[in-house]
Amino acid sequence: MKEFVKNYKLINGVEIPKIGLGTWQIAPGKDAYNSVLMALRHGYRHIDTAAAYQNEKSVGDAIKDSGIPREEIFITTKLPAEIKDYHTAKKTFAKSLDLLGVEYVDLYLIHAPWPWNEIGKDCRAGNVEVYKAMEEFYKEGKAKAIGVSNFSPEDIENIIGNCEIMPMVNQIGYFIGLDQKSTIDYCNAKGIFIIAYSPLGIGYLLKNTVILEVAEKYSVSAAQICLRYLLQKGVAALPKSTHEERIIQNTELDFEIAKEDMLILDSVKGDPRRWS
Ligand code: A2P
């Protein structure tokens, strides 16, 4: 079995394939539909979407049309960051299931601890309220796992201190150059699994000369180095692409980056989204 479809196990025993197709910034309609269908045809069994991406319907249609049994595909979606009350959370989740055309999702996440236009706002009470709704989805079997995204250790402490079920996942921006050390150390200590979004630094990392040199040594692409690096860190990763050859390339990760080269990659610092 190829490395990218092998599973990690969450603390509740649910299995999650190492590589998922990220669909942030894939337009709804034919782009999202075609990308998801291509990914499934090339062996992906993990698709990540969100209500905020507005492509859940296209993702769901592609999943249905793929003919692959529902239970073989790991589907994540997310509660929009602005929603911080119980009733809207319940309604929004039901709408996501409906758009995706599924009876359950494999993972449901709070998209962020605060609305995107109010980053840093204190939403502690609201996060507890929506997480309690998510605990119900979990108990009803409509979400096989629940968790958070973009949460700091303090944001997670608030959930743990006021709710019943430990979040199983924290999905964060994690890539070469952005080590996320304090969040990852905290999550590892609690058994909260890390999923890395923007694993290629939304594409900017692919021009980095250090990464390109390592890639040359292994006769692979910079994208493959970025993804393999994250797998060797023990996290799942969600590369996004709408191009078939890249969707395929991002599954070819059956090589090992030597320890000394991992250290070289660790030494790359800074947010690549600001590199020119
Ligand atoms: P595209 O969708 O046009 O193929 P991230 O996953 O970090 O968000 O990065 C996504 C960006 O990287 C997109 O611009 C995507 O372009 C590009 N990309 C994804 N996979 C590859 C690849 N294997 N080679 C080059 N660029 C890629």
# chains A, B, ... in the order shown; residues from 1 in each chain; ligands from 1
$ residues_near_ligand --ligand "ligand 1" --cutoff "8 Å" --atoms "only C-alpha atoms and all ligand atoms" --output "count of residues only"
30
$ residues_around --residues "segment 51-62 of chain A" --least-positions-apart "6" --cutoff "7 Å" --atoms "only C-alpha atoms" --output "compact mmCIF listing (two decimals) with all heavy atoms, in the first residue's frame"
# COMPACT_ATOMS: atom_id res chain seq x y z
N TRP A 24 -9.67 24.21 -0.02
CA TRP A 24 -9.74 25.67 0.18
C TRP A 24 -9.29 26.36 -1.11
O TRP A 24 -8.28 25.96 -1.71
CB TRP A 24 -8.82 26.09 1.34
CG TRP A 24 -8.78 27.57 1.57
CD1 TRP A 24 -9.86 28.41 1.65
CD2 TRP A 24 -7.61 28.39 1.74
NE1 TRP A 24 -9.41 29.71 1.87
CE2 TRP A 24 -8.04 29.73 1.93
CE3 TRP A 24 -6.24 28.13 1.76
CZ2 TRP A 24 -7.16 30.79 2.12
CZ3 TRP A 24 -5.36 29.19 1.95
CH2 TRP A 24 -5.82 30.50 2.14
N GLN A 25 -10.05 27.34 -1.52
CA GLN A 25 -9.75 28.11 -2.74
C GLN A 25 -9.96 27.30 -4.02
O GLN A 25 -9.45 27.68 -5.08
CB GLN A 25 -8.34 28.70 -2.70
CG GLN A 25 -8.26 29.81 -1.65
CD GLN A 25 -6.95 30.56 -1.65
OE1 GLN A 25 -5.89 30.00 -1.94
NE2 GLN A 25 -6.98 31.83 -1.31
N ALA A 27 -12.81 26.65 -6.50
CA ALA A 27 -14.13 27.23 -6.75
C ALA A 27 -15.19 26.14 -6.81
O ALA A 27 -14.94 25.05 -7.35
CB ALA A 27 -14.11 27.99 -8.07
N PRO A 28 -16.39 26.45 -6.26
CA PRO A 28 -17.49 25.50 -6.38
C PRO A 28 -17.83 25.30 -7.86
O PRO A 28 -17.48 26.13 -8.69
CB PRO A 28 -18.64 26.19 -5.64
CG PRO A 28 -18.25 27.61 -5.45
CD PRO A 28 -16.75 27.67 -5.55
N GLY A 29 -18.50 24.18 -8.15
CA GLY A 29 -18.83 23.90 -9.55
C GLY A 29 -17.79 22.96 -10.13
O GLY A 29 -17.25 22.12 -9.42
N ALA A 32 -14.16 22.28 -8.33
CA ALA A 32 -14.17 21.43 -7.13
C ALA A 32 -14.59 20.01 -7.49
O ALA A 32 -13.98 19.02 -7.05
CB ALA A 32 -15.11 22.02 -6.08
N TYR A 33 -15.62 19.89 -8.32
CA TYR A 33 -16.11 18.56 -8.72
C TYR A 33 -14.99 17.77 -9.40
O TYR A 33 -14.71 16.62 -9.03
CB TYR A 33 -17.31 18.74 -9.66
CG TYR A 33 -17.88 17.43 -10.17
CD1 TYR A 33 -18.81 16.72 -9.43
CD2 TYR A 33 -17.46 16.91 -11.40
CE1 TYR A 33 -19.33 15.51 -9.89
CE2 TYR A 33 -17.97 15.70 -11.87
CZ TYR A 33 -18.90 15.01 -11.11
OH TYR A 33 -19.40 13.81 -11.57
N VAL A 36 -11.95 16.81 -7.01
CA VAL A 36 -12.26 15.73 -6.06
C VAL A 36 -12.39 14.40 -6.80
O VAL A 36 -11.84 13.37 -6.36
CB VAL A 36 -13.54 16.06 -5.25
CG1 VAL A 36 -13.98 14.88 -4.39
CG2 VAL A 36 -13.30 17.30 -4.37
N LEU A 37 -13.06 14.43 -7.95
CA LEU A 37 -13.21 13.19 -8.71
C LEU A 37 -11.85 12.65 -9.16
O LEU A 37 -11.55 11.45 -9.03
CB LEU A 37 -14.13 13.44 -9.92
CG LEU A 37 -14.76 12.22 -10.56
CD1 LEU A 37 -15.55 11.38 -9.54
CD2 LEU A 37 -15.70 12.63 -11.69
N THR A 77 -15.55 18.32 7.23
CA THR A 77 -16.03 19.67 6.95
C THR A 77 -16.00 20.49 8.25
O THR A 77 -15.63 19.97 9.31
CB THR A 77 -17.39 19.70 6.24
OG1 THR A 77 -17.59 21.03 5.72
CG2 THR A 77 -18.54 19.30 7.13
N LYS A 78 -16.30 21.79 8.14
CA LYS A 78 -16.07 22.69 9.28
C LYS A 78 -17.21 23.66 9.48
O LYS A 78 -17.81 24.13 8.50
CB LYS A 78 -14.77 23.48 9.07
CG LYS A 78 -13.61 22.60 8.65
CD LYS A 78 -12.31 23.35 8.45
CE LYS A 78 -11.31 22.47 7.73
NZ LYS A 78 -11.39 22.53 6.27
N LEU A 79 -17.44 23.97 10.74
CA LEU A 79 -18.43 24.98 11.11
C LEU A 79 -17.81 26.36 10.90
O LEU A 79 -16.73 26.64 11.42
CB LEU A 79 -18.79 24.80 12.60
CG LEU A 79 -19.81 25.78 13.15
CD1 LEU A 79 -21.20 25.48 12.62
CD2 LEU A 79 -19.82 25.75 14.68
N PRO A 80 -18.49 27.23 10.14
CA PRO A 80 -17.90 28.55 9.87
C PRO A 80 -17.47 29.27 11.16
O PRO A 80 -18.16 29.22 12.18
CB PRO A 80 -19.02 29.31 9.16
CG PRO A 80 -19.81 28.22 8.50
CD PRO A 80 -19.78 27.06 9.46
N SER A 96 -24.69 21.20 5.99
CA SER A 96 -23.47 20.60 5.43
C SER A 96 -23.71 19.14 5.04
O SER A 96 -23.29 18.71 3.96
CB SER A 96 -22.31 20.68 6.43
OG SER A 96 -21.80 21.99 6.48
N LEU A 99 -25.79 19.18 1.85
CA LEU A 99 -25.04 19.58 0.65
C LEU A 99 -24.06 18.47 0.23
O LEU A 99 -23.88 18.19 -0.95
CB LEU A 99 -24.26 20.88 0.92
CG LEU A 99 -25.11 22.15 0.99
CD1 LEU A 99 -24.27 23.32 1.52
CD2 LEU A 99 -25.69 22.49 -0.39
N LEU A 100 -23.43 17.87 1.22
CA LEU A 100 -22.47 16.79 0.92
C LEU A 100 -23.20 15.51 0.48
O LEU A 100 -22.59 14.64 -0.14
CB LEU A 100 -21.61 16.48 2.14
CG LEU A 100 -20.50 17.50 2.47
CD1 LEU A 100 -19.99 17.31 3.89
CD2 LEU A 100 -19.34 17.37 1.47
N GLY A 101 -24.48 15.42 0.84
CA GLY A 101 -25.26 14.23 0.47
C GLY A 101 -24.84 13.00 1.25
O GLY A 101 -24.83 11.89 0.71
$ closest_residue --among "A:Val102, A:Ser152, A:Ile195, A:Asp48" --to "Ser182 of chain A" --atoms "only C-alpha atoms"
A:Ser152
$ select_by_dssp --residues "segment 28-194 of chain A" --states "strand (DSSP E)" --output "PyMOL selection string"
chain A and resi 46-48+74-79+107-110+146-149+169-173+193-194
$ select_by_dssp --residues "segment 15-154 of chain A" --states "helix (DSSP H, G or I)" --output "PyMOL selection string"
chain A and resi 30-41+51-53+56-66+70-72+86-100+116-118+124-139+153-154
$ closest_atom_pairs --of "segment 19-134 of chain A" --to "segment 229-237 of chain A" --cutoff "10 Å" --atoms "only C-alpha atoms" --output "Markdown table"
| residue | atom | partner | partner_atom | distance |
| --- | --- | --- | --- | --- |
| A:Ile19 | CA | A:Ala237 | CA | 5.1 |
| A:Gly20 | CA | A:Ala237 | CA | 6.3 |
| A:Leu21 | CA | A:Ala237 | CA | 8.4 |
| A:Gly22 | CA | A:Ala237 | CA | 8.4 |
$ write_last_selection --atoms "all heavy atoms" --output "mmCIF file, in the first residue's frame"
data_model
loop_
_atom_site.group_PDB
_atom_site.id
_atom_site.type_symbol
_atom_site.label_atom_id
_atom_site.label_comp_id
_atom_site.auth_asym_id
_atom_site.auth_seq_id
_atom_site.Cartn_x
_atom_site.Cartn_y
_atom_site.Cartn_z
ATOM 1 N N ILE A 19 -2.681 11.558 3.639
ATOM 2 C CA ILE A 19 -2.833 12.703 2.724
ATOM 3 C C ILE A 19 -4.301 12.855 2.333
ATOM 4 O O ILE A 19 -4.973 11.884 1.960
ATOM 5 C CB ILE A 19 -1.976 12.492 1.439
ATOM 6 C CG1 ILE A 19 -0.482 12.509 1.783
ATOM 7 C CG2 ILE A 19 -2.315 13.542 0.368
ATOM 8 C CD1 ILE A 19 0.100 13.862 2.180
ATOM 9 N N GLY A 20 -4.783 14.086 2.457
ATOM 10 C CA GLY A 20 -6.134 14.399 2.008
ATOM 11 C C GLY A 20 -6.058 15.495 0.960
ATOM 12 O O GLY A 20 -5.098 16.284 0.947
ATOM 13 N N LEU A 21 -7.056 15.565 0.093
ATOM 14 C CA LEU A 21 -7.095 16.681 -0.854
ATOM 15 C C LEU A 21 -7.671 17.896 -0.132
ATOM 16 O O LEU A 21 -8.789 17.838 0.392
ATOM 17 C CB LEU A 21 -7.987 16.337 -2.063
ATOM 18 C CG LEU A 21 -8.071 17.473 -3.098
ATOM 19 C CD1 LEU A 21 -6.784 17.530 -3.938
ATOM 20 C CD2 LEU A 21 -9.285 17.321 -4.005
ATOM 21 N N GLY A 22 -6.925 18.988 -0.092
ATOM 22 C CA GLY A 22 -7.438 20.233 0.473
ATOM 23 C C GLY A 22 -8.246 20.955 -0.591
ATOM 24 O O GLY A 22 -7.828 21.010 -1.754
#
